[in-house]
Structure formats: C-alpha cells, structure tokens
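Structure file run.cif; described as mmCIF, C-alpha atoms and all ligand atoms.
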```
data_work
loop_
_atom_site.label_atom_id
_atom_site.label_comp_id
_atom_site.auth_asym_id
_atom_site.auth_seq_id
_atom_site.Cartn_x
_atom_site.Cartn_y
_atom_site.Cartn_z
CA MET A 609 -144.22 184.29 63.41
CA ALA A 610 -143.99 187.11 65.85
CA GLU A 611 -142.42 188.57 68.93
CA VAL A 612 -145.06 189.26 71.59
CA LYS A 613 -144.48 192.16 73.94
CA PHE A 614 -146.47 193.05 77.06
CA GLU A 615 -146.07 196.60 78.32
CA LYS A 616 -147.55 197.46 81.71
CA VAL A 617 -150.50 195.17 81.01
CA LYS A 618 -153.21 195.31 83.68
CA LYS A 619 -156.52 193.55 84.01
CA SER A 620 -159.32 193.94 86.50
CA PHE A 621 -162.75 192.37 86.55
CA LYS A 622 -164.93 195.07 88.11
CA ASP A 623 -162.81 196.18 91.05
CA VAL A 624 -160.87 192.93 91.38
CA MET A 625 -157.33 193.28 90.09
CA VAL A 626 -156.31 190.04 88.38
CA ILE A 627 -153.17 191.08 86.51
CA ARG A 628 -151.18 193.71 88.33
CA GLU A 629 -148.60 194.93 85.83
CA LEU A 630 -147.13 192.62 83.27
CA ASP A 631 -143.93 193.60 81.46
CA LEU A 632 -142.49 190.87 79.33
CA THR A 633 -141.15 190.09 75.88
CA ILE A 634 -141.70 186.69 74.32
CA GLU A 635 -139.22 186.22 71.52
CA ASP A 636 -140.05 185.23 67.99
CA GLY A 637 -140.23 181.44 67.72
CA GLU A 638 -140.05 180.88 71.47
CA PHE A 639 -142.06 178.28 73.40
CA PHE A 640 -143.07 180.34 76.42
CA THR A 641 -145.12 179.01 79.34
CA PHE A 642 -147.05 180.77 82.06
CA VAL A 643 -147.21 178.37 84.98
CA GLY A 644 -148.92 178.89 88.31
CA PRO A 645 -151.68 177.65 90.59
CA SER A 646 -155.32 177.75 89.59
CA GLY A 647 -156.79 181.26 89.57
CA CYS A 648 -153.47 183.10 89.24
CA GLY A 649 -154.48 184.73 85.94
CA LYS A 650 -153.02 182.44 83.26
CA SER A 651 -156.13 182.16 81.10
CA THR A 652 -156.80 185.87 81.49
CA ILE A 653 -153.36 186.66 80.03
CA LEU A 654 -153.90 184.30 77.11
CA ASN A 655 -157.36 185.70 76.42
CA MET A 656 -155.91 189.22 76.29
CA VAL A 657 -153.32 188.08 73.74
CA ALA A 658 -156.05 186.40 71.71
CA GLY A 659 -158.22 189.50 71.80
CA LEU A 660 -161.03 187.73 73.66
CA GLU A 661 -160.65 189.94 76.71
CA PRO A 662 -159.95 193.70 76.62
CA LEU A 663 -157.05 195.13 78.66
CA THR A 664 -157.70 197.38 81.63
CA GLY A 665 -154.38 199.10 81.02
CA GLY A 666 -151.14 198.77 79.08
CA ARG A 667 -150.30 197.53 75.62
CA ILE A 668 -149.68 194.28 73.77
CA TYR A 669 -147.56 194.30 70.62
CA PHE A 670 -146.94 191.65 67.97
CA ASP A 671 -143.65 192.57 66.27
CA ASN A 672 -143.94 196.14 67.54
CA ILE A 673 -147.44 196.51 66.12
CA LEU A 674 -149.98 197.46 68.76
CA VAL A 675 -152.77 194.86 68.75
CA ASN A 676 -154.95 196.19 71.61
CA GLU A 677 -157.71 197.26 69.24
CA LEU A 678 -157.44 194.35 66.79
CA SER A 679 -160.24 191.78 66.75
CA PRO A 680 -159.28 188.14 67.41
CA LYS A 681 -159.42 187.21 63.74
CA ASP A 682 -157.20 190.10 62.70
CA ARG A 683 -154.50 189.04 65.18
CA ASP A 684 -153.70 185.86 63.29
CA VAL A 685 -153.48 183.67 66.38
CA ALA A 686 -154.65 180.09 66.77
CA MET A 687 -155.87 178.91 70.13
CA VAL A 688 -156.10 175.39 71.53
CA PHE A 689 -158.07 174.86 74.74
CA GLN A 690 -158.43 172.14 77.31
CA THR A 691 -161.82 171.29 75.86
CA TYR A 692 -161.58 171.25 72.13
CA ALA A 693 -164.57 171.61 69.90
CA LEU A 694 -164.33 169.53 66.75
CA TYR A 695 -167.14 169.47 64.22
CA PRO A 696 -168.86 166.16 65.04
CA HIS A 697 -170.35 165.62 61.58
CA MET A 698 -167.02 166.13 59.79
CA THR A 699 -164.23 163.61 59.36
CA VAL A 700 -160.72 164.18 60.71
CA TYR A 701 -159.67 165.26 57.21
CA GLU A 702 -162.53 167.76 56.93
CA ASN A 703 -161.98 169.11 60.42
CA ILE A 704 -158.33 169.84 59.70
CA ALA A 705 -159.08 171.22 56.23
CA PHE A 706 -161.80 173.52 57.53
CA PRO A 707 -159.71 176.67 58.25
CA LEU A 708 -158.22 176.57 54.74
CA LYS A 709 -161.59 175.90 53.09
CA MET A 710 -162.84 179.03 54.88
CA LYS A 711 -160.01 180.93 53.23
CA LYS A 712 -161.30 179.57 49.89
CA LEU A 713 -157.93 178.13 48.95
CA ASP A 714 -157.57 175.91 45.92
CA ALA A 715 -158.61 172.30 46.69
CA LYS A 716 -155.23 170.94 45.60
CA ILE A 717 -153.38 173.21 48.01
CA VAL A 718 -155.78 172.31 50.80
CA ASP A 719 -155.24 168.62 50.13
CA ARG A 720 -151.46 168.99 50.13
CA GLU A 721 -151.51 170.91 53.43
CA VAL A 722 -153.92 168.51 55.16
CA LYS A 723 -151.74 165.55 54.09
CA ARG A 724 -148.69 167.30 55.52
CA ILE A 725 -150.37 168.06 58.87
CA VAL A 726 -151.91 164.61 59.13
CA GLY A 727 -148.39 163.24 58.59
CA ILE A 728 -146.85 165.46 61.27
CA LEU A 729 -149.49 164.36 63.77
CA GLY A 730 -149.53 160.67 62.89
CA LEU A 731 -153.21 160.75 61.96
CA GLU A 732 -152.90 159.15 58.49
CA GLU A 733 -155.01 156.10 59.27
CA PHE A 734 -157.76 158.12 60.97
CA GLN A 735 -158.46 160.66 58.22
CA GLN A 736 -161.89 159.32 57.36
CA ARG A 737 -163.08 158.85 60.95
CA LYS A 738 -165.49 161.13 62.78
CA PRO A 739 -164.45 162.62 66.15
CA LYS A 740 -166.63 160.19 68.11
CA GLU A 741 -164.60 157.31 66.66
CA LEU A 742 -161.36 158.70 68.13
CA SER A 743 -159.69 158.53 71.55
CA GLY A 744 -159.21 161.69 73.61
CA GLY A 745 -155.59 161.98 72.56
CA GLN A 746 -156.43 161.57 68.88
CA ARG A 747 -159.12 164.23 69.13
CA GLN A 748 -156.71 166.61 70.78
CA ARG A 749 -154.30 165.95 67.92
CA VAL A 750 -157.00 166.87 65.42
CA ALA A 751 -157.65 170.09 67.33
CA LEU A 752 -153.93 170.82 67.14
CA GLY A 753 -153.92 170.04 63.43
CA ARG A 754 -156.71 172.49 62.82
CA ALA A 755 -154.67 175.15 64.65
CA ILE A 756 -151.37 174.32 62.97
CA ILE A 757 -152.72 174.29 59.42
CA ARG A 758 -153.46 178.00 59.63
CA LYS A 759 -149.77 178.80 60.18
CA PRO A 760 -150.70 181.54 62.63
CA LYS A 761 -148.33 184.19 63.88
CA VAL A 762 -148.78 182.92 67.42
CA PHE A 763 -150.09 179.72 68.99
CA LEU A 764 -152.00 180.08 72.22
CA MET A 765 -152.55 176.96 74.27
CA ASP A 766 -154.59 176.92 77.45
CA GLU A 767 -153.95 173.68 79.39
CA PRO A 768 -154.43 171.64 76.21
CA LEU A 769 -153.33 168.38 77.82
CA SER A 770 -155.24 168.58 81.09
CA ASN A 771 -158.06 166.32 79.97
CA LEU A 772 -155.80 163.50 78.89
CA ASP A 773 -154.74 160.61 81.09
CA ALA A 774 -151.23 160.67 82.57
CA ARG A 775 -149.57 158.50 79.96
CA LEU A 776 -151.09 160.26 76.98
CA ARG A 777 -150.19 163.61 78.51
CA ILE A 778 -146.51 162.68 78.53
CA GLU A 779 -146.77 161.39 74.97
CA MET A 780 -148.49 164.54 73.72
CA ARG A 781 -145.95 166.68 75.54
CA ALA A 782 -143.19 165.18 73.45
CA GLU A 783 -145.33 165.62 70.37
CA LEU A 784 -145.99 169.30 71.08
CA LYS A 785 -142.30 169.85 71.55
CA ARG A 786 -141.50 168.13 68.28
CA ILE A 787 -144.15 170.14 66.42
CA HIS A 788 -142.73 173.33 67.83
CA GLN A 789 -139.23 172.33 66.78
CA ASP A 790 -140.50 171.68 63.25
CA LEU A 791 -142.64 174.78 62.84
CA LYS A 792 -140.90 177.26 65.18
CA ILE A 793 -144.08 179.28 65.63
CA THR A 794 -144.11 181.50 68.72
CA THR A 795 -146.12 179.54 71.27
CA ILE A 796 -147.64 180.85 74.49
CA TYR A 797 -148.63 177.96 76.67
CA VAL A 798 -150.49 177.95 79.96
CA THR A 799 -150.48 175.20 82.57
CA HIS A 800 -150.71 174.59 86.31
CA ASP A 801 -148.40 171.58 85.87
CA GLN A 802 -144.81 172.55 86.61
CA GLY A 803 -143.46 169.34 85.09
CA GLU A 804 -145.18 170.10 81.82
CA ALA A 805 -143.85 173.66 81.88
CA MET A 806 -140.31 172.51 82.60
CA SER A 807 -140.21 169.85 79.90
CA LEU A 808 -141.83 171.84 77.09
CA SER A 809 -140.61 175.37 77.37
CA ASP A 810 -137.73 177.50 76.19
CA LYS A 811 -138.73 179.93 78.92
CA ILE A 812 -141.27 179.99 81.71
CA ALA A 813 -142.86 182.65 83.89
CA VAL A 814 -144.03 181.54 87.32
CA LEU A 815 -147.19 183.42 88.26
CA LEU A 816 -148.78 183.97 91.64
CA GLN A 817 -151.86 186.13 92.06
CA GLY A 818 -151.35 187.88 88.75
CA GLU A 819 -147.72 188.73 89.30
CA ILE A 820 -144.66 187.16 87.72
CA GLN A 821 -142.50 185.79 90.51
CA GLN A 822 -139.70 184.80 88.17
CA SER A 823 -139.13 184.22 84.49
CA GLY A 824 -136.31 182.53 82.66
CA LYS A 825 -135.09 179.22 81.33
CA PRO A 826 -136.66 176.30 83.20
CA LEU A 827 -133.35 174.99 84.51
CA ASP A 828 -132.26 178.42 85.77
CA VAL A 829 -135.55 178.80 87.63
CA TYR A 830 -135.14 175.32 89.09
CA LEU A 831 -131.55 175.94 90.19
CA LYS A 832 -131.98 179.52 91.37
CA PRO A 833 -135.57 180.06 92.48
CA ALA A 834 -136.16 183.76 93.20
CA ASN A 835 -138.22 183.12 96.31
CA ILE A 836 -139.76 180.46 98.53
CA PHE A 837 -142.92 180.23 96.45
CA VAL A 838 -140.98 179.48 93.25
CA GLY A 839 -138.71 177.04 95.10
CA GLY A 840 -141.73 175.15 96.38
CA PHE A 841 -143.74 175.32 93.16
CA ILE A 842 -141.09 174.30 90.62
CA GLY A 843 -139.71 170.80 91.13
CA SER A 844 -141.47 167.65 92.27
CA PRO A 845 -141.73 166.54 94.98
CA PRO A 846 -141.42 170.06 96.40
CA MET A 847 -138.31 171.48 97.99
CA ASN A 848 -137.79 170.91 101.73
CA PHE A 849 -137.72 174.11 103.76
CA LEU A 850 -135.78 174.29 107.01
CA THR A 851 -136.10 177.27 109.30
CA CYS A 852 -132.74 178.30 110.71
CA SER A 853 -131.57 181.00 113.07
CA LEU A 854 -128.54 183.21 112.51
CA GLN A 855 -125.65 181.97 114.60
CA ASN A 856 -122.96 184.30 113.37
CA LEU A 857 -122.82 187.13 110.82
CA ARG A 858 -119.18 187.23 109.72
CA PRO A 859 -118.69 184.64 108.44
CA VAL A 860 -122.35 183.75 108.10
CA GLU A 861 -123.29 180.68 110.07
CA VAL A 862 -126.81 179.43 110.54
CA ASN A 863 -128.15 177.04 113.09
CA CYS A 864 -130.56 174.54 111.76
CA ASN A 865 -131.92 171.99 114.16
CA GLY A 866 -128.66 172.18 116.12
CA LEU A 867 -126.42 171.81 113.06
CA ILE A 868 -124.28 174.76 112.05
CA PHE A 869 -124.01 175.51 108.33
CA SER A 870 -122.14 178.14 106.35
CA PRO A 871 -124.44 178.37 103.36
CA ILE A 872 -123.46 180.08 100.14
CA MET A 873 -125.41 183.30 99.52
CA GLU A 874 -125.01 186.56 97.71
CA ASP A 875 -126.83 188.80 100.18
CA MET A 876 -126.72 189.15 103.95
CA PRO A 877 -129.75 187.90 105.85
CA LYS A 878 -131.48 190.36 108.17
CA LYS A 879 -132.98 187.96 110.66
CA GLY A 880 -133.34 184.23 110.22
CA VAL A 881 -133.02 182.26 107.05
CA ILE A 882 -134.92 179.41 105.48
CA MET A 883 -132.82 176.80 103.77
CA GLY A 884 -134.33 175.08 100.76
CA ILE A 885 -133.02 171.67 99.82
CA ARG A 886 -134.55 169.53 97.09
CA PRO A 887 -135.53 165.95 97.96
CA GLU A 888 -133.38 164.71 95.07
CA ASP A 889 -130.34 166.28 96.80
CA VAL A 890 -130.96 164.63 100.18
CA SER A 891 -129.68 161.09 100.58
CA ILE A 892 -130.91 158.74 103.26
CA SER A 893 -129.13 155.56 104.18
CA VAL A 894 -129.04 152.90 106.89
CA GLU A 895 -125.33 153.49 107.38
CA PRO A 896 -123.93 156.69 108.89
CA SER A 897 -121.28 158.47 106.87
CA GLY A 898 -119.17 161.60 107.26
CA ASP A 899 -121.44 164.40 108.40
CA SER A 900 -124.75 162.57 108.24
CA VAL A 901 -127.36 163.08 110.96
CA GLU A 902 -129.70 160.56 112.49
CA VAL A 903 -133.33 160.53 111.34
CA SER A 904 -136.34 158.31 111.76
CA VAL A 905 -138.00 157.01 108.58
CA SER A 906 -141.74 157.62 108.34
CA LEU A 907 -142.55 156.58 104.74
CA VAL A 908 -140.85 154.84 101.82
CA GLU A 909 -142.23 155.31 98.31
CA PRO A 910 -140.62 153.28 95.53
CA ALA A 911 -139.99 155.30 92.38
CA GLY A 912 -138.47 152.51 90.33
CA SER A 913 -134.74 153.15 90.19
CA PHE A 914 -134.70 154.70 93.69
CA ASN A 915 -137.01 155.32 96.66
CA TRP A 916 -138.47 158.54 98.01
CA VAL A 917 -138.16 158.58 101.78
CA ASP A 918 -139.95 160.78 104.31
CA ALA A 919 -138.00 161.14 107.50
CA GLN A 920 -138.23 162.97 110.77
CA TRP A 921 -135.11 164.87 111.78
CA GLY A 922 -135.82 166.09 115.31
CA ARG A 923 -138.86 168.30 114.86
CA VAL A 924 -138.22 168.72 111.13
CA LYS A 925 -139.84 166.61 108.42
CA ILE A 926 -137.63 166.06 105.43
CA LYS A 927 -137.99 164.20 102.15
CA GLY A 928 -135.05 162.55 100.48
CA THR A 929 -134.03 159.63 98.34
CA ALA A 930 -132.53 156.25 99.09
CA LYS A 931 -131.02 153.57 96.91
CA VAL A 932 -133.39 150.66 96.34
CA ASN A 933 -131.02 148.23 98.06
CA GLU A 934 -131.22 150.20 101.35
CA ASP A 935 -133.31 148.25 103.83
CA LEU A 936 -135.58 151.09 105.00
CA LYS A 937 -139.14 151.04 106.22
CA ALA A 938 -141.41 153.16 108.38
CA GLY A 939 -139.89 153.31 111.86
CA SER A 940 -136.33 152.54 110.68
CA ARG A 941 -133.44 154.50 112.12
CA ALA A 942 -131.44 156.03 109.27
CA PHE A 943 -128.89 158.67 108.41
CA MET A 944 -129.47 161.69 106.26
CA LYS A 945 -127.07 164.03 104.52
CA PHE A 946 -127.01 166.71 101.87
CA SER A 947 -124.30 168.91 100.53
CA VAL A 948 -124.37 172.57 101.56
CA GLU A 949 -123.67 173.59 97.93
CA LYS A 950 -127.09 172.25 97.00
CA VAL A 951 -128.88 174.46 99.50
CA THR A 952 -130.80 177.57 98.41
CA VAL A 953 -131.00 180.17 101.17
CA PHE A 954 -134.02 182.43 101.51
CA ASP A 955 -134.61 185.39 103.78
CA ALA A 956 -137.06 184.25 106.44
CA VAL A 957 -138.82 187.64 106.42
CA SER A 958 -139.13 188.51 102.71
CA GLY A 959 -138.98 184.96 101.36
CA LYS A 960 -136.47 186.11 98.70
CA ARG A 961 -133.40 184.14 97.74
CA LEU A 962 -130.25 185.52 99.35
N1 LIG B 1 -164.96 187.01 83.39
C1 LIG B 1 -164.54 187.10 84.67
N2 LIG B 1 -165.21 187.84 85.57
C2 LIG B 1 -164.79 187.95 86.84
N3 LIG B 1 -163.68 187.34 87.32
C3 LIG B 1 -162.98 186.59 86.48
C4 LIG B 1 -163.36 186.42 85.10
N4 LIG B 1 -162.45 185.61 84.51
C5 LIG B 1 -161.55 185.29 85.46
N5 LIG B 1 -161.86 185.88 86.64
C6 LIG B 1 -161.08 185.77 87.89
O1 LIG B 1 -159.74 186.13 87.59
C7 LIG B 1 -158.83 185.30 88.29
C8 LIG B 1 -157.89 184.65 87.31
O2 LIG B 1 -158.63 183.73 86.53
P1 LIG B 1 -157.97 182.87 85.37
O3 LIG B 1 -157.20 183.76 84.47
O4 LIG B 1 -159.03 182.03 84.76
O5 LIG B 1 -156.96 181.95 86.21
P2 LIG B 1 -156.17 180.62 85.76
O6 LIG B 1 -156.36 180.43 84.30
O7 LIG B 1 -154.76 180.89 86.16
O8 LIG B 1 -156.75 179.51 86.59
C9 LIG B 1 -159.66 184.33 89.11
O9 LIG B 1 -159.76 184.83 90.40
C10 LIG B 1 -161.01 184.36 88.41
O10 LIG B 1 -162.03 184.08 89.30
MG MG B 2 -157.22 178.82 83.26
#
```
For this file, write the structure as structure tokens.
Ligand SMILES: Nc1ncnc2c1ncn2[C@@H]1O[C@H](COP(=O)(O)OP(=O)(O)O)[C@@H](O)[C@H]1O
Ligand SMILES: [Mg+2]
Amino acid sequence: MAEVKFEKVKKSFKDVMVIRELDLTIEDGEFFTFVGPSGCGKSTILNMVAGLEPLTGGRIYFDNILVNELSPKDRDVAMVFQTYALYPHMTVYENIAFPLKMKKLDAKIVDREVKRIVGILGLEEFQQRKPKELSGGQRQRVALGRAIIRKPKVFLMDEPLSNLDARLRIEMRAELKRIHQDLKITTIYVTHDQGEAMSLSDKIAVLLQGEIQQSGKPLDVYLKPANIFVGGFIGSPPMNFLTCSLQNLRPVEVNCNGLIFSPIMEDMPKKGVIMGIRPEDVSISVEPSGDSVEVSVSLVEPAGSFNWVDAQWGRVKIKGTAKVNEDLKAGSRAFMKFSVEKVTVFDAVSGKRL
C-alpha cells in the first residue's frame, strides 16, 4: 500500500498541453476517483502513475519515493481497463493464478491465494470455465481477480465498468467497494460517470481540460460545488441555474425572474449572480402553498417513488420533483417552490461559488 503524491505534474503531447499542473496527495488506502468529461485527461493521469506515459514536468512519488524513472513493472501497480484482456486458452483459475505463477511461487501458495480471490469475487463455480464461457460481468471479475492477487501497492482502474450493462455496473460498483473495504489498497479510479464516482470514492477530483476544478469528499463536492461546472457535472439530473440580477448590496438581494431572494453567501458578488438549485430540492405541486410561484408543466418523468417534472417558470426552465399522487401532466398549471437555504450562489462573471 502506498500514498501517491503528484507534484506540479504536467503533460503535453507535442505542443498540446493536456495536464496543466497537478498537485495532489492521495492517501494510503484511499479510494480516489478522477471524474470528468471525455478528453479531460483522466487516462493520461493514470498512465503517468502506471509508468506507461512519461511526464512532461513535475514528479510523482509513492510513499515519498520518486517513481518518475521507474518502469511499470518496478512500480508495483496493477491496472484494470475498460477492455480487459484475459488469456482465452486458460481457465478462470489459470487466468487468476497467472501473475503468481510468473513469480514462481510454490504451487500450494498459489492455490491458496487463487481460492481466496475466487471466494472474494464469487467465482467459485466458474473456476474451470474459459473466458468465452463467461458473461461480461464475470470476465471483468476475473480481470479484477488477476489484479488483486498481486497485492499491488496501488490499483489503477480506467473506466473498468463502462462496458457492462446498467444493472451489472451497479452490482459491480458495490463489489468494487466491498473489495476495497476488505483489502484497503490505495485505488486510483477514473470515470466519466459522476454517479459511479460519488458512490465508490472516499475522495474525488473533478477534472475539466486537465485542471482539477475541485477535490474532496463526494458529499462535500455535491453540497458545496466550487463553481458552475462542478455544480452542473456532479449530481443527476443536473443542477438548475437561474440568472439573477443584483437588486441590493447591503443586505444582498437578488432579483430572479421578478422574485427577490436574500441568498446565503460568503463573498460579495461583483455583478450578477447565478443561483444553482438541485432538482431534488425543488418541489412542484398542483396546490399553491406559502411562497410558491406559478409554473407550467412541460414534462413528467416517473422515477418510481416520485416524479421528475420539467416546468416553465416565465422564461426560465426548471426541473423539480413531485409526489406521485400529484395529478400533473404536460400543460398542467402547477406551483413550484424551493428553500433559499438549498441554493448555491455563483458569481455570474467568474462562475465561482460565492
Ligand atoms: N498519445 C497521445 N497523443 C496525442 N494526444 C493524446 C494522446 N493521448 C491522449 N491525447 C489527448 O489528450 C487529451 C486527454 O486524453 P485522455 O487522457 O485520454 O482523456 P480521458 O481519459 O479523460 O477521456 C485528449 O485531448 C486526447 O486527445
Ligand atoms: Mg480515458
């Protein structure tokens, strides 16, 4: 196990800067996820940690030992990719045993370890099957087993669940989390799926164009997004953004679609503000109540225990939730409200949270 430290890490391909300057410490035993849209540099970061891609600048340390010049095999990392290559002619047992056989360990020890891993991954009944006789999820589990059995210092996982169907992805998520809880090996995980990042990780870093926008515990990032990008990227469906003008400075009052709010913020806005409110914090109902405002329903999407509702509030589109017993459909008149404490306020110019 190891702590992984990035110090001013930079990466360019020819003259294209992909990673600007990465400073970050991933603690020993942590499950850390880089999450961001496609092309933001996630795989590049992982490949630099693995030693598959040289750095353009800066340093990477494992437990304060500089690894920049170490070859992949001397770094003691195990990597799991989206597309996993198993040996087709070997059984599940042989595939998982392979890394230990390469180390020329005693057959008894190998057998004991394979049995343990097969147990952890629930692959007991498939040990004698070949990869082609397995489902996608089972194959991915074998690939994980082959990585786990090496007891590496660091696990590197590049979108390992992306090829699985939705249901299996959720199942494997839970499994990955359980494996990490059992083994407590430092894990650096990469995904474009914010839900996956939120549910798996001790900490996340939200990346955009090779720069960390925010890092921290998933819930902290969700509750206090550092800027509009993070607010919109983390959470599903995405946060609503409402452009408001400054009505008054002391005390701060903003005018949003004719409604005056006194939002809670730590910094003074310079010009206008953008209020972020999550759909799960907006309630829509057929009955008016307290300070609700009138909206027109444009779409109702059942989510099981509640409905997602798209509504038009003047010129503003807003997404909220409604109880399933509310009689709402496209074209219905309805009433929307949210509590001002749930609002995140961003500076309209810089996009930063105020
Ligand atoms: N070997 C390479 N040569 C040139 N450009 C590359 C290379 N690898 C990645 N890139 C570019 O670097 C950027 C980041 O890529 P990548 O790390 O794969 O993103 P992600 O994994 O987040 O989708 C992209 O713009 C990609 O086109
Ligand atoms: Mg990638």
Throw together the list of residues within 8 Å of ligand MG 2 (chain B), counting only C-alpha atoms and all ligand atoms, and drop it here as a VMD selection string.
-> chain A and resid 646 to 647 649 to 652 766 to 767 798 to 799
Expected selection as a PDB file with C-alpha atoms, keeping the file's coordinate frame for ligand LIG 1 (chain B) within 10 Å, only C-alpha atoms and all ligand atoms:
```pdb
ATOM      1  CA  LYS A 619    -156.520 193.550  84.010  1.00  0.00           C
ATOM      2  CA  SER A 620    -159.320 193.940  86.500  1.00  0.00           C
ATOM      3  CA  PHE A 621    -162.750 192.370  86.550  1.00  0.00           C
ATOM      4  CA  LYS A 622    -164.930 195.070  88.110  1.00  0.00           C
ATOM      5  CA  ASP A 623    -162.810 196.180  91.050  1.00  0.00           C
ATOM      6  CA  VAL A 624    -160.870 192.930  91.380  1.00  0.00           C
ATOM      7  CA  MET A 625    -157.330 193.280  90.090  1.00  0.00           C
ATOM      8  CA  VAL A 626    -156.310 190.040  88.380  1.00  0.00           C
ATOM      9  CA  ILE A 627    -153.170 191.080  86.510  1.00  0.00           C
ATOM     10  CA  PHE A 642    -147.050 180.770  82.060  1.00  0.00           C
ATOM     11  CA  VAL A 643    -147.210 178.370  84.980  1.00  0.00           C
ATOM     12  CA  GLY A 644    -148.920 178.890  88.310  1.00  0.00           C
ATOM     13  CA  PRO A 645    -151.680 177.650  90.590  1.00  0.00           C
ATOM     14  CA  SER A 646    -155.320 177.750  89.590  1.00  0.00           C
ATOM     15  CA  GLY A 647    -156.790 181.260  89.570  1.00  0.00           C
ATOM     16  CA  CYS A 648    -153.470 183.100  89.240  1.00  0.00           C
ATOM     17  CA  GLY A 649    -154.480 184.730  85.940  1.00  0.00           C
ATOM     18  CA  LYS A 650    -153.020 182.440  83.260  1.00  0.00           C
ATOM     19  CA  SER A 651    -156.130 182.160  81.100  1.00  0.00           C
ATOM     20  CA  THR A 652    -156.800 185.870  81.490  1.00  0.00           C
ATOM     21  CA  ILE A 653    -153.360 186.660  80.030  1.00  0.00           C
ATOM     22  CA  LEU A 654    -153.900 184.300  77.110  1.00  0.00           C
ATOM     23  CA  ASN A 655    -157.360 185.700  76.420  1.00  0.00           C
ATOM     24  CA  MET A 656    -155.910 189.220  76.290  1.00  0.00           C
ATOM     25  CA  GLU A 661    -160.650 189.940  76.710  1.00  0.00           C
ATOM     26  CA  ASP A 766    -154.590 176.920  77.450  1.00  0.00           C
ATOM     27  CA  GLU A 767    -153.950 173.680  79.390  1.00  0.00           C
ATOM     28  CA  VAL A 798    -150.490 177.950  79.960  1.00  0.00           C
ATOM     29  CA  THR A 799    -150.480 175.200  82.570  1.00  0.00           C
ATOM     30  CA  HIS A 800    -150.710 174.590  86.310  1.00  0.00           C
ATOM     31  CA  LEU A 815    -147.190 183.420  88.260  1.00  0.00           C
ATOM     32  CA  LEU A 816    -148.780 183.970  91.640  1.00  0.00           C
ATOM     33  CA  GLN A 817    -151.860 186.130  92.060  1.00  0.00           C
ATOM     34  CA  GLY A 818    -151.350 187.880  88.750  1.00  0.00           C
TER      35      GLY A 818
END
```
Given only C-alpha atoms as the counted atoms, nearest of A:Val957, A:Ser904, A:Leu850, A:Leu857 to Val924 in chain A =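 The closest residue to Val924 in chain A is A:Leu850.
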Which of these, A:Pro707, A:Asp899, A:Lys613, A:Tyr701, has the shortest distance to Tyr669 in chain A once you count all atoms listed in the file?
->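 Once distances to Tyr669 in chain A are computed over all atoms listed in the file, the minimum belongs to A:Lys613.
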Selection near range 945-954 of chain A, 6 Å with only C-alpha atoms, sequence-local residues under 3 positions removed, as an NGL selection string | :A and (881-885 or 890-891 or 900 or 959-962)
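Going from CA of Glu615 in chain A over to CA of Ala658 in chain A, you cover 15.7 Å.
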From the list A:Val860, A:Ile757, A:Leu742, A:Leu713, which residue is nearest Ile728 in chain A when using only C-alpha atoms?
-> A:Ile757
Distance query Asp918 in chain A at most 8 Å, all atoms listed in the file, self and fewer than 2 positions along chain excluded, as an MDAnalysis selection string | chainID A and resid 905:908 916 920 925:928
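What separates CA of Gln821 in chain A from CA of Val617 in chain A is a distance of 15.6 Å.
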Within 12 Å of Val932 in chain A, counting all atoms listed in the file, which residues show up once you throw out same-chain ones fewer than 2 positions away? Write them as a JSON list (two decimals) with C-alpha atoms, in the frame of the given file, please.
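To be explicit, this is the file written out as selection06.json:
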```json
[["chain", "number", "residue", "atom", "x", "y", "z"],
["A", 891, "SER", "CA", -129.68, 161.09, 100.58],
["A", 892, "ILE", "CA", -130.91, 158.74, 103.26],
["A", 893, "SER", "CA", -129.13, 155.56, 104.18],
["A", 894, "VAL", "CA", -129.04, 152.90, 106.89],
["A", 908, "VAL", "CA", -140.85, 154.84, 101.82],
["A", 909, "GLU", "CA", -142.23, 155.31, 98.31],
["A", 910, "PRO", "CA", -140.62, 153.28, 95.53],
["A", 911, "ALA", "CA", -139.99, 155.30, 92.38],
["A", 912, "GLY", "CA", -138.47, 152.51, 90.33],
["A", 913, "SER", "CA", -134.74, 153.15, 90.19],
["A", 914, "PHE", "CA", -134.70, 154.70, 93.69],
["A", 915, "ASN", "CA", -137.01, 155.32, 96.66],
["A", 916, "TRP", "CA", -138.47, 158.54, 98.01],
["A", 917, "VAL", "CA", -138.16, 158.58, 101.78],
["A", 929, "THR", "CA", -134.03, 159.63, 98.34],
["A", 930, "ALA", "CA", -132.53, 156.25, 99.09],
["A", 934, "GLU", "CA", -131.22, 150.20, 101.35],
["A", 935, "ASP", "CA", -133.31, 148.25, 103.83],
["A", 936, "LEU", "CA", -135.58, 151.09, 105.00],
["A", 937, "LYS", "CA", -139.14, 151.04, 106.22]]
```
In the coordinate frame of the file, compute which residues have an atom within 10 Å of (-145.5, 198.1, 77.8) when using only C-alpha atoms, and state them as number ranges by chain.
-> A: 613-617, 629-633, 665-669
Within 9 Å of Glu638 in chain A, counting only C-alpha atoms, which residues qualify if same-chain residues fewer than 3 places away don't, as an MDAnalysis selection string?
-> chainID A and resid 611 634:635 788 792:796 809:811
For range 806-817 of chain A, supply N, CA and C atoms and report the output as an mmCIF file, in the frame of the given file.
```
data_model
loop_
_atom_site.group_PDB
_atom_site.id
_atom_site.type_symbol
_atom_site.label_atom_id
_atom_site.label_comp_id
_atom_site.auth_asym_id
_atom_site.auth_seq_id
_atom_site.Cartn_x
_atom_site.Cartn_y
_atom_site.Cartn_z
ATOM 1 N N MET A 806 -141.748 172.722 82.641
ATOM 2 C CA MET A 806 -140.310 172.510 82.600
ATOM 3 C C MET A 806 -139.902 171.760 81.335
ATOM 4 N N SER A 807 -140.669 170.720 80.985
ATOM 5 C CA SER A 807 -140.210 169.850 79.900
ATOM 6 C C SER A 807 -140.487 170.460 78.530
ATOM 7 N N LEU A 808 -141.464 171.336 78.420
ATOM 8 C CA LEU A 808 -141.830 171.840 77.090
ATOM 9 C C LEU A 808 -141.117 173.124 76.687
ATOM 10 N N SER A 809 -140.804 173.957 77.677
ATOM 11 C CA SER A 809 -140.610 175.370 77.370
ATOM 12 C C SER A 809 -139.172 175.803 77.151
ATOM 13 N N ASP A 810 -139.011 176.789 76.268
ATOM 14 C CA ASP A 810 -137.730 177.500 76.190
ATOM 15 C C ASP A 810 -137.605 178.401 77.410
ATOM 16 N N LYS A 811 -138.711 179.070 77.735
ATOM 17 C CA LYS A 811 -138.730 179.930 78.920
ATOM 18 C C LYS A 811 -140.057 179.772 79.638
ATOM 19 N N ILE A 812 -140.035 180.025 80.943
ATOM 20 C CA ILE A 812 -141.270 179.990 81.710
ATOM 21 C C ILE A 812 -141.397 181.275 82.535
ATOM 22 N N ALA A 813 -142.630 181.598 82.902
ATOM 23 C CA ALA A 813 -142.860 182.650 83.890
ATOM 24 C C ALA A 813 -143.730 182.023 84.965
ATOM 25 N N VAL A 814 -143.257 182.093 86.209
ATOM 26 C CA VAL A 814 -144.030 181.540 87.320
ATOM 27 C C VAL A 814 -144.906 182.647 87.873
ATOM 28 N N LEU A 815 -146.218 182.402 87.860
ATOM 29 C CA LEU A 815 -147.190 183.420 88.260
ATOM 30 C C LEU A 815 -147.795 183.093 89.611
ATOM 31 N N LEU A 816 -148.006 184.120 90.404
ATOM 32 C CA LEU A 816 -148.780 183.970 91.640
ATOM 33 C C LEU A 816 -149.629 185.220 91.763
ATOM 34 N N GLN A 817 -150.925 185.028 91.913
ATOM 35 C CA GLN A 817 -151.860 186.130 92.060
ATOM 36 C C GLN A 817 -151.597 187.264 91.068
#
```
